[in-house]
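Listing of input13.cif; format and content: mmCIF, C-alpha atoms.
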```cif
data_data
loop_
_atom_site.label_atom_id
_atom_site.label_comp_id
_atom_site.auth_asym_id
_atom_site.auth_seq_id
_atom_site.Cartn_x
_atom_site.Cartn_y
_atom_site.Cartn_z
CA MET A 1 42.80 -15.05 -14.78
CA LYS A 2 44.19 -14.10 -11.37
CA PHE A 3 43.29 -10.47 -11.98
CA TYR A 4 39.72 -11.47 -12.90
CA PHE A 5 39.25 -13.33 -9.61
CA LEU A 6 40.69 -10.41 -7.64
CA GLN A 7 38.25 -8.12 -9.45
CA LYS A 8 35.31 -10.37 -8.49
CA ILE A 9 36.43 -10.45 -4.85
CA GLU A 10 36.72 -6.67 -4.76
CA GLN A 11 33.29 -6.33 -6.36
CA ARG A 12 31.73 -8.71 -3.84
CA ASN A 13 33.38 -6.87 -0.95
CA SER A 14 32.06 -3.54 -2.25
CA TYR A 15 28.54 -4.96 -2.32
CA ILE A 16 28.91 -6.21 1.26
CA ALA A 17 30.25 -2.84 2.37
CA ALA A 18 27.36 -1.02 0.68
CA PHE A 19 24.88 -3.34 2.34
CA ILE A 20 26.44 -2.77 5.77
CA VAL A 21 26.35 1.01 5.28
CA LEU A 22 22.70 0.84 4.19
CA ALA A 23 21.83 -1.33 7.20
CA ILE A 24 23.51 1.14 9.57
CA ILE A 25 21.64 4.05 7.97
CA LEU A 26 18.33 2.25 8.29
CA LEU A 27 18.95 1.22 11.88
CA THR A 28 19.82 4.78 12.89
CA THR A 29 17.07 6.45 10.86
CA THR A 30 13.90 7.52 12.63
CA SER A 31 10.73 5.58 11.95
CA THR A 32 9.14 8.71 10.47
CA ILE A 33 11.82 8.94 7.80
CA ARG A 34 11.65 5.21 7.13
CA ASP A 35 7.89 5.37 6.69
CA ALA A 36 8.22 8.30 4.31
CA LEU A 37 10.93 6.50 2.36
CA ALA A 38 8.77 3.36 2.22
CA ARG A 39 5.91 5.38 0.76
CA VAL A 40 8.19 6.83 -1.94
CA VAL A 41 9.61 3.41 -2.81
CA TRP A 42 6.09 2.03 -3.16
CA GLU A 43 4.44 4.89 -5.03
CA GLU A 44 7.30 5.70 -7.36
CA PHE A 45 8.85 2.28 -7.99
CA LYS A 46 6.22 -0.29 -6.85
CA MET A 47 8.95 -2.24 -5.06
CA ALA A 48 6.71 -4.10 -2.61
CA PRO A 49 9.41 -6.10 -0.75
CA VAL A 50 11.57 -3.00 -0.14
CA ALA A 51 8.60 -0.84 0.84
CA GLY A 52 7.42 -3.55 3.23
CA PHE A 53 10.88 -3.83 4.79
CA LEU A 54 11.15 -0.07 5.31
CA ASN A 55 7.63 0.53 6.59
CA ILE A 56 7.10 0.63 10.34
CA HIS A 57 4.03 2.66 11.27
CA ASP A 58 2.16 3.47 8.05
CA ALA A 59 -1.05 1.42 8.38
CA ASN A 60 -2.40 2.60 5.03
CA LEU A 61 0.75 1.49 3.23
CA ALA A 62 0.52 -1.89 4.95
CA LEU A 63 -3.05 -2.19 3.64
CA GLU A 64 -1.92 -1.34 0.12
CA LEU A 65 0.83 -3.94 0.29
CA GLY A 66 -1.63 -6.49 1.66
CA ASN A 67 -4.01 -5.83 -1.22
CA TYR A 68 -1.12 -6.01 -3.69
CA TYR A 69 -0.31 -9.54 -2.54
CA PHE A 70 -4.02 -10.39 -2.36
CA ASN A 71 -4.39 -10.54 -6.12
CA GLU A 72 -3.95 -6.87 -6.98
CA GLY A 73 -0.58 -7.42 -8.61
CA ALA A 74 0.76 -10.60 -7.04
CA TYR A 75 -0.74 -13.57 -5.24
CA ASP A 76 0.82 -14.65 -1.95
CA LEU A 77 -1.65 -15.23 0.88
CA ALA A 78 1.08 -15.48 3.52
CA LEU A 79 2.50 -12.06 2.64
CA ALA A 80 -0.96 -10.54 2.26
CA GLU A 81 -1.87 -11.79 5.72
CA LYS A 82 1.38 -10.44 7.17
CA TYR A 83 0.78 -6.95 5.83
CA PHE A 84 -2.87 -6.86 6.94
CA GLU A 85 -1.70 -7.88 10.41
CA ASP A 86 0.91 -5.08 10.25
CA ALA A 87 -1.91 -2.68 9.41
CA LEU A 88 -3.89 -3.87 12.45
CA ALA A 89 -0.85 -3.46 14.68
CA ASN A 90 -0.88 0.25 13.83
CA ASP A 91 -4.65 0.66 13.48
CA PRO A 92 -6.58 -1.98 15.50
CA ASN A 93 -9.91 -0.65 14.22
CA SER A 94 -9.09 -0.89 10.51
CA PRO A 95 -12.22 -2.25 8.77
CA ILE A 96 -10.30 -3.28 5.67
CA ALA A 97 -7.66 -5.20 7.61
CA TRP A 98 -10.22 -7.20 9.63
CA HIS A 99 -12.30 -7.82 6.51
CA GLN A 100 -9.36 -8.98 4.39
CA LEU A 101 -7.93 -11.18 7.14
CA ALA A 102 -11.33 -12.88 7.39
CA ARG A 103 -11.33 -13.48 3.63
CA ILE A 104 -7.86 -14.99 3.75
CA ALA A 105 -8.80 -17.33 6.60
CA PHE A 106 -11.91 -18.31 4.63
CA LEU A 107 -9.88 -19.10 1.51
CA LYS A 108 -7.56 -21.24 3.64
CA GLY A 109 -10.56 -23.18 4.96
CA GLN A 110 -10.08 -21.83 8.49
CA PHE A 111 -13.74 -21.05 9.04
CA SER A 112 -13.62 -20.52 12.82
CA SER A 113 -10.80 -18.00 12.49
CA ALA A 114 -12.55 -16.35 9.54
CA LEU A 115 -15.74 -16.00 11.58
CA LEU A 116 -13.91 -14.49 14.57
CA ARG A 117 -12.28 -11.90 12.32
CA ILE A 118 -15.38 -10.92 10.37
CA ASN A 119 -17.45 -10.75 13.56
CA ARG A 120 -14.86 -8.41 15.04
CA GLN A 121 -15.10 -6.20 11.96
CA ILE A 122 -18.91 -6.10 12.19
CA GLU A 123 -18.78 -5.39 15.95
CA LEU A 124 -16.50 -2.42 15.28
CA HIS A 125 -18.27 -0.92 12.28
CA GLY A 126 -21.77 -2.42 11.98
CA ASP A 127 -23.37 -1.97 8.58
CA THR A 128 -21.04 0.86 7.50
CA TYR A 129 -19.01 -1.80 5.66
CA MET A 130 -21.71 -3.98 4.11
CA ALA A 131 -19.31 -6.26 2.24
CA SER A 132 -18.51 -7.93 5.56
CA PHE A 133 -22.06 -9.30 5.80
CA TYR A 134 -21.65 -10.86 2.37
CA VAL A 135 -18.33 -12.42 3.40
CA ARG A 136 -19.85 -13.70 6.64
CA GLY A 137 -22.61 -15.27 4.57
CA LEU A 138 -19.99 -17.15 2.57
CA ILE A 139 -18.20 -18.26 5.74
CA HIS A 140 -21.45 -19.51 7.29
CA GLY A 141 -22.43 -21.25 4.05
CA TYR A 142 -19.19 -23.18 3.68
CA ALA A 143 -19.09 -23.97 7.40
CA GLY A 144 -22.57 -25.51 7.14
CA ASN A 145 -24.56 -22.82 8.98
CA LEU A 146 -27.14 -22.43 6.21
CA ASP A 147 -29.61 -20.36 8.23
CA GLY A 148 -26.88 -17.93 9.25
CA ALA A 149 -25.73 -17.65 5.65
CA ALA A 150 -29.27 -16.98 4.40
CA ARG A 151 -29.73 -14.22 7.01
CA ASP A 152 -26.48 -12.48 6.06
CA PHE A 153 -27.10 -12.66 2.32
CA ALA A 154 -30.67 -11.41 2.77
CA PHE A 155 -29.48 -8.51 4.95
CA PHE A 156 -26.79 -7.61 2.43
CA LEU A 157 -29.37 -7.65 -0.37
CA GLU A 158 -31.58 -5.21 1.52
CA LYS A 159 -28.86 -2.60 0.96
CA LYS A 160 -27.44 -3.99 -2.31
CA PRO A 161 -30.39 -5.58 -4.14
CA ASP A 162 -28.59 -5.49 -7.51
CA SER A 163 -25.72 -7.72 -6.38
CA TRP A 164 -25.73 -10.71 -8.73
CA ALA A 165 -23.24 -12.56 -6.51
CA ALA A 166 -25.31 -12.24 -3.34
CA ASN A 167 -28.51 -13.28 -5.13
CA ASN A 168 -26.70 -16.24 -6.63
CA ASP A 169 -25.16 -17.27 -3.32
CA LEU A 170 -28.53 -16.99 -1.61
CA ALA A 171 -29.88 -19.30 -4.33
CA TRP A 172 -26.98 -21.66 -3.58
CA ILE A 173 -27.96 -21.76 0.11
CA TYR A 174 -31.58 -22.56 -0.73
CA PHE A 175 -30.36 -25.26 -3.12
CA ARG A 176 -28.42 -26.86 -0.29
CA LYS A 177 -31.58 -26.69 1.83
CA GLY A 178 -33.50 -28.41 -0.98
CA ASP A 179 -35.91 -25.47 -1.33
CA PHE A 180 -35.92 -25.18 -5.13
CA LYS A 181 -38.79 -22.72 -5.22
CA LYS A 182 -36.71 -20.25 -3.24
CA VAL A 183 -33.72 -20.99 -5.47
CA GLU A 184 -35.90 -19.93 -8.38
CA GLU A 185 -37.02 -16.78 -6.58
CA ALA A 186 -33.49 -15.71 -5.63
CA ALA A 187 -32.16 -16.34 -9.15
CA ARG A 188 -35.03 -14.45 -10.79
CA GLU A 189 -34.47 -11.52 -8.43
CA GLY A 190 -30.84 -11.28 -9.52
CA LEU A 191 -31.77 -11.64 -13.18
CA LYS A 192 -33.93 -8.51 -12.94
CA TYR A 193 -30.66 -6.58 -12.76
CA HIS A 194 -28.41 -8.95 -14.72
CA PRO A 195 -30.55 -10.78 -17.32
CA GLU A 196 -27.60 -12.40 -19.11
CA ASN A 197 -25.57 -13.44 -16.08
CA PRO A 198 -24.44 -17.06 -16.61
CA TRP A 199 -24.26 -17.87 -12.88
CA LEU A 200 -27.82 -16.73 -12.21
CA LEU A 201 -29.13 -18.39 -15.37
CA THR A 202 -27.51 -21.65 -14.30
CA SER A 203 -29.04 -21.42 -10.82
CA LEU A 204 -32.46 -20.71 -12.30
CA GLY A 205 -32.13 -23.53 -14.83
CA VAL A 206 -31.17 -26.05 -12.13
CA ALA A 207 -34.05 -24.87 -9.92
CA LEU A 208 -36.55 -25.27 -12.77
CA LEU A 209 -35.14 -28.70 -13.56
CA ASN A 210 -35.68 -29.80 -9.96
CA LEU A 211 -39.19 -28.34 -10.05
CA ASP A 212 -39.86 -30.55 -13.09
CA LYS A 213 -40.23 -27.59 -15.46
CA LYS A 214 -38.04 -29.13 -18.12
CA ILE A 215 -39.02 -27.01 -21.10
CA GLU A 216 -38.30 -23.73 -19.29
CA ALA A 217 -35.22 -25.26 -17.68
CA ARG A 218 -33.82 -26.20 -21.10
CA LYS A 219 -34.36 -22.71 -22.50
CA THR A 220 -32.78 -21.14 -19.44
CA LEU A 221 -29.78 -23.45 -19.49
CA GLU A 222 -29.30 -22.82 -23.21
CA ALA A 223 -29.13 -19.11 -22.37
CA ALA A 224 -26.69 -19.91 -19.57
CA LYS A 225 -24.49 -21.86 -21.98
CA ALA A 226 -24.51 -19.02 -24.51
CA ALA A 227 -23.56 -16.52 -21.81
CA ALA A 228 -20.85 -18.78 -20.35
CA ASP A 229 -19.33 -19.31 -23.80
CA THR A 230 -18.58 -15.57 -23.96
CA LEU A 231 -16.68 -15.58 -20.67
CA THR A 232 -12.89 -15.35 -20.65
CA VAL A 233 -10.58 -16.58 -17.93
CA ALA A 234 -10.11 -12.92 -16.93
CA ASP A 235 -13.90 -12.54 -16.58
CA TRP A 236 -13.95 -15.53 -14.27
CA GLY A 237 -11.19 -13.98 -12.16
CA LYS A 238 -13.14 -10.73 -11.76
CA ALA A 239 -16.05 -12.73 -10.36
CA TYR A 240 -13.79 -14.34 -7.73
CA PRO A 241 -11.43 -11.61 -6.44
CA GLY A 242 -8.87 -12.92 -3.98
CA ASN A 243 -8.82 -16.44 -5.42
CA ASN A 244 -5.67 -17.96 -6.85
CA PRO A 245 -5.35 -16.96 -10.53
CA GLU A 246 -4.10 -20.48 -11.28
CA SER A 247 -7.61 -21.77 -10.51
CA TYR A 248 -9.47 -19.50 -12.93
CA SER A 249 -9.25 -21.70 -16.01
CA ALA A 250 -10.33 -24.84 -14.14
CA GLY A 251 -13.23 -22.96 -12.54
CA LEU A 252 -14.52 -21.72 -15.88
CA THR A 253 -14.20 -25.19 -17.40
CA LYS A 254 -16.10 -26.74 -14.48
CA MET A 255 -18.89 -24.18 -14.80
CA LYS A 256 -19.36 -24.95 -18.50
CA ALA A 257 -19.35 -28.69 -17.77
CA THR A 258 -22.04 -28.21 -15.09
CA ILE A 259 -24.25 -26.31 -17.52
CA GLU A 260 -23.80 -29.00 -20.19
CA PHE A 261 -24.64 -31.76 -17.71
CA ASN A 262 -27.84 -30.08 -16.55
CA LEU A 263 -28.77 -29.15 -20.12
CA LYS A 264 -28.64 -32.84 -21.06
CA LEU A 265 -30.92 -33.67 -18.13
CA ALA A 266 -33.33 -30.95 -19.17
CA SER A 267 -33.31 -32.22 -22.78
CA SER A 268 -33.97 -35.84 -21.86
CA ARG A 269 -37.50 -37.20 -22.06
#
```
What's the structure tokens form of this structure?
Amino acid sequence: MKFYFLQKIEQRNSYIAAFIVLAIILLTTTSTIRDALARVVWEEFKMAPVAGFLNIHDANLALELGNYYFNEGAYDLALAEKYFEDALANDPNSPIAWHQLARIAFLKGQFSSALLRINRQIELHGDTYMASFYVRGLIHGYAGNLDGAARDFAFFLEKKPDSWAANNDLAWIYFRKGDFKKVEEAAREGLKYHPENPWLLTSLGVALLNLDKKIEARKTLEAAKAAADTLTVADWGKAYPGNNPESYSAGLTKMKATIEFNLKLASSR
């Protein structure tokens, strides 16, 4: 028994000694070597915590680690934000870093911070990174600036007319404005490219219901229900990149419940 405890003590001491030696090596190693080692650790072993600890100046690696923690392998907004900020520290003009930091602030409900970040990205790169206009539309929409949101979604759609999400979010803005005719128009525009999209079909069905076109609304919402019934939780997640995977199932359930509710209204006399 005594020998066993002595063995454990020796083993623990050897681990401590190894850690101290490693720490000394790292502290005396040049940043260039550390960055190179970080890249190898990430690309060969996908050890994000170790790669992040080693990395000092590699902005691209910091971006990759940020994306990894932003739902491309793991989900930790605090770590994702840290690595995107690390990327900016080494490359202040990084479009991806500014864009992703804006998205994170948006998801945290920090709309003022999100707007500052996305505006900075747009100031730096204009329309060379169109996704930022879509994100700014979302920020404006949730912050209550409906006109600003409509402008950004419309501008985004000039370059990306086949985006179902932007057409659907533009329909959402018009719904909040109470302009159901424009909701119908935006939804129909998206359906030209995605005729079986459950989000667009739902938006169109609700618009028709509010325009007192119950027969067409019922048919449209029946199509929306059929399309939604084919969705998996993974499909829902793909439609909301960057969101917490734990929310996917509840989001899909809520969507189906919304369709059912509106279908009942459309079916009533």
Residues matched by the PyMOL selection byres ((chain A and resi 230-239) around 9), written as a PyMOL selection string: chain A and resi 165+198+225-229+240-245+247-249+251-252
Padding 4 Å on each side, edges along x, y and z: where is the centre of the box around the listed atoms of range 139-157 of chain A, and how long are its edges in Å to one decimal? Output it as JSON.
```
{"center_x": -24.4, "center_y": -16.6, "center_z": 4.4, "size_x": 20.5, "size_y": 25.9, "size_z": 17.6}
```
Nearest to Glu222 in chain A by atom-to-atom distance, counting all atoms listed in the file, from A:Phe261, A:Phe155, A:Tyr75, A:Phe70: A:Phe261
So which residues touch Asp147 in chain A within 12 Å, counting all atoms listed in the file, skipping near sequence neighbours fewer than 4 positions away, as a tab-separated table (two decimals) with C-alpha atoms, in the frame of the given file?
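Below is the file that was written, out-v7.tsv:
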```
chain	number	residue	atom	x	y	z
A	136	ARG	CA	-19.85	-13.70	6.64
A	137	GLY	CA	-22.61	-15.27	4.57
A	138	LEU	CA	-19.99	-17.15	2.57
A	139	ILE	CA	-18.20	-18.26	5.74
A	140	HIS	CA	-21.45	-19.51	7.29
A	141	GLY	CA	-22.43	-21.25	4.05
A	142	TYR	CA	-19.19	-23.18	3.68
A	143	ALA	CA	-19.09	-23.97	7.40
A	151	ARG	CA	-29.73	-14.22	7.01
A	152	ASP	CA	-26.48	-12.48	6.06
A	153	PHE	CA	-27.10	-12.66	2.32
A	154	ALA	CA	-30.67	-11.41	2.77
A	170	LEU	CA	-28.53	-16.99	-1.61
A	173	ILE	CA	-27.96	-21.76	0.11
A	174	TYR	CA	-31.58	-22.56	-0.73
A	176	ARG	CA	-28.42	-26.86	-0.29
A	177	LYS	CA	-31.58	-26.69	1.83
```
CA of His57 in chain A to CA of Glu123 in chain A measures 24.6 Å
Can you translate the PyMOL selection byres ((chain A and resi 77) around 10) into the concrete residues it hits in this file, as number ranges by chain? A: 66-67, 69-71, 74-76, 78-83, 101, 104-105, 107-108, 242-244
Would you save the residues of that selection, restricted to C-alpha atoms, as a CSV table (one decimal), in the coordinates of the input?
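File written: out.csv
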```
chain,number,residue,atom,x,y,z
A,66,GLY,CA,-1.6,-6.5,1.7
A,67,ASN,CA,-4.0,-5.8,-1.2
A,69,TYR,CA,-0.3,-9.5,-2.5
A,70,PHE,CA,-4.0,-10.4,-2.4
A,71,ASN,CA,-4.4,-10.5,-6.1
A,74,ALA,CA,0.8,-10.6,-7.0
A,75,TYR,CA,-0.7,-13.6,-5.2
A,76,ASP,CA,0.8,-14.6,-2.0
A,78,ALA,CA,1.1,-15.5,3.5
A,79,LEU,CA,2.5,-12.1,2.6
A,80,ALA,CA,-1.0,-10.5,2.3
A,81,GLU,CA,-1.9,-11.8,5.7
A,82,LYS,CA,1.4,-10.4,7.2
A,83,TYR,CA,0.8,-7.0,5.8
A,101,LEU,CA,-7.9,-11.2,7.1
A,104,ILE,CA,-7.9,-15.0,3.8
A,105,ALA,CA,-8.8,-17.3,6.6
A,107,LEU,CA,-9.9,-19.1,1.5
A,108,LYS,CA,-7.6,-21.2,3.6
A,242,GLY,CA,-8.9,-12.9,-4.0
A,243,ASN,CA,-8.8,-16.4,-5.4
A,244,ASN,CA,-5.7,-18.0,-6.8
```
Work out how far CA of Pro161 in chain A is from CA of Lys181 in chain A, in Å to one decimal.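 A separation of 19.1 Å between them.
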Mind checking which residues fall within 9 Å of Ser132 in chain A, counting all atoms listed in the file, ignoring those fewer than 2 positions away in the same chain, and posting them as a short mmCIF file (atom, residue, chain, number, x, y, z; two decimals) with C-alpha atoms, keeping the file's coordinate frame?
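Below is the file that was written, around31.cif:
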```cif
data_model
loop_
_atom_site.label_atom_id
_atom_site.label_comp_id
_atom_site.auth_asym_id
_atom_site.auth_seq_id
_atom_site.Cartn_x
_atom_site.Cartn_y
_atom_site.Cartn_z
CA HIS A 99 -12.30 -7.82 6.51
CA ALA A 102 -11.33 -12.88 7.39
CA ILE A 118 -15.38 -10.92 10.37
CA ASN A 119 -17.45 -10.75 13.56
CA GLN A 121 -15.10 -6.20 11.96
CA ILE A 122 -18.91 -6.10 12.19
CA ASP A 127 -23.37 -1.97 8.58
CA TYR A 129 -19.01 -1.80 5.66
CA MET A 130 -21.71 -3.98 4.11
CA TYR A 134 -21.65 -10.86 2.37
CA VAL A 135 -18.33 -12.42 3.40
CA ARG A 136 -19.85 -13.70 6.64
CA GLY A 137 -22.61 -15.27 4.57
CA PHE A 156 -26.79 -7.61 2.43
#
```
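Non-sequential neighbours of Trp42 in chain A (distance at most 9 Å, separation of 3 or more positions within a chain, all atoms listed in the file) are Leu37, Ala38, Arg39, Phe45, Lys46, Met47, Ala48, Val50, Ala51, Gly52, Leu61 and Leu65 of chain A.
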Could you check the closest approach to Glu185 in chain A for each of A:Asn168, A:Thr128, A:Asn197, A:Thr220 and tell me which residue wins, using all atoms listed in the file?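 Ranking A:Asn168, A:Thr128, A:Asn197, A:Thr220 by distance to Glu185 in chain A, first place goes to A:Asn168.
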Contacts of range 87-91 of chain A at 9 Å or less, counting all atoms listed in the file, minus same-chain residues fewer than 6 places along, as a list in words?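 Counting only the stated atoms, we get Ile56, His57, Asp58, Ala59, Asn60, Leu61, Ala62, Leu63, Gly66, Ala97 and Trp98 of chain A.
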Quick one: distance from CA of Asn145 in chain A to CA of Ala187 in chain A in Å, one decimal?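 Atom-to-atom, CA of Asn145 in chain A and CA of Ala187 in chain A are spaced 20.7 Å apart.
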If you apply the PyMOL selection byres ((chain A and resi 264) around 12) to this file, what residues do you get, as a PDB file with C-alpha atoms, in the coordinates of the input?
```
ATOM      1  CA  GLY A 205     -32.130 -23.530 -14.830  1.00  0.00           C
ATOM      2  CA  VAL A 206     -31.170 -26.050 -12.130  1.00  0.00           C
ATOM      3  CA  LEU A 209     -35.140 -28.700 -13.560  1.00  0.00           C
ATOM      4  CA  LYS A 214     -38.040 -29.130 -18.120  1.00  0.00           C
ATOM      5  CA  ILE A 215     -39.020 -27.010 -21.100  1.00  0.00           C
ATOM      6  CA  ALA A 217     -35.220 -25.260 -17.680  1.00  0.00           C
ATOM      7  CA  ARG A 218     -33.820 -26.200 -21.100  1.00  0.00           C
ATOM      8  CA  LYS A 219     -34.360 -22.710 -22.500  1.00  0.00           C
ATOM      9  CA  LEU A 221     -29.780 -23.450 -19.490  1.00  0.00           C
ATOM     10  CA  GLU A 222     -29.300 -22.820 -23.210  1.00  0.00           C
ATOM     11  CA  LYS A 225     -24.490 -21.860 -21.980  1.00  0.00           C
ATOM     12  CA  ALA A 257     -19.350 -28.690 -17.770  1.00  0.00           C
ATOM     13  CA  THR A 258     -22.040 -28.210 -15.090  1.00  0.00           C
ATOM     14  CA  ILE A 259     -24.250 -26.310 -17.520  1.00  0.00           C
ATOM     15  CA  GLU A 260     -23.800 -29.000 -20.190  1.00  0.00           C
ATOM     16  CA  PHE A 261     -24.640 -31.760 -17.710  1.00  0.00           C
ATOM     17  CA  ASN A 262     -27.840 -30.080 -16.550  1.00  0.00           C
ATOM     18  CA  LEU A 263     -28.770 -29.150 -20.120  1.00  0.00           C
ATOM     19  CA  LEU A 265     -30.920 -33.670 -18.130  1.00  0.00           C
ATOM     20  CA  ALA A 266     -33.330 -30.950 -19.170  1.00  0.00           C
ATOM     21  CA  SER A 267     -33.310 -32.220 -22.780  1.00  0.00           C
ATOM     22  CA  SER A 268     -33.970 -35.840 -21.860  1.00  0.00           C
ATOM     23  CA  ARG A 269     -37.500 -37.200 -22.060  1.00  0.00           C
TER      24      ARG A 269
END
```
For His125 in chain A, which of A:Leu146, A:Ile96, A:Ala224, A:Leu211 is the closest residue, counting all atoms listed in the file?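 Nearest to His125 in chain A: A:Ile96.
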If we count all atoms listed in the file, what is near Leu124 in chain A at a cut-off of 8 Å, once residues fewer than 3 positions away on the same chain are taken out, given as a PyMOL selection string? chain A and resi 93+95+120-121
Using all atoms listed in the file, pick whichever of A:Phe180, A:Tyr68, A:Phe133, A:Trp164 has the shortest atom-to-atom distance to Leu201 in chain A.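 Going through A:Phe180, A:Tyr68, A:Phe133, A:Trp164 one by one, the smallest distance to Leu201 in chain A is for A:Trp164.
In terms of minimum interatomic distance to Thr30 in chain A, A:Asn55 ranks closest within A:Pro195, A:Ala150, A:Met255, A:Asn55, counting all atoms listed in the file.
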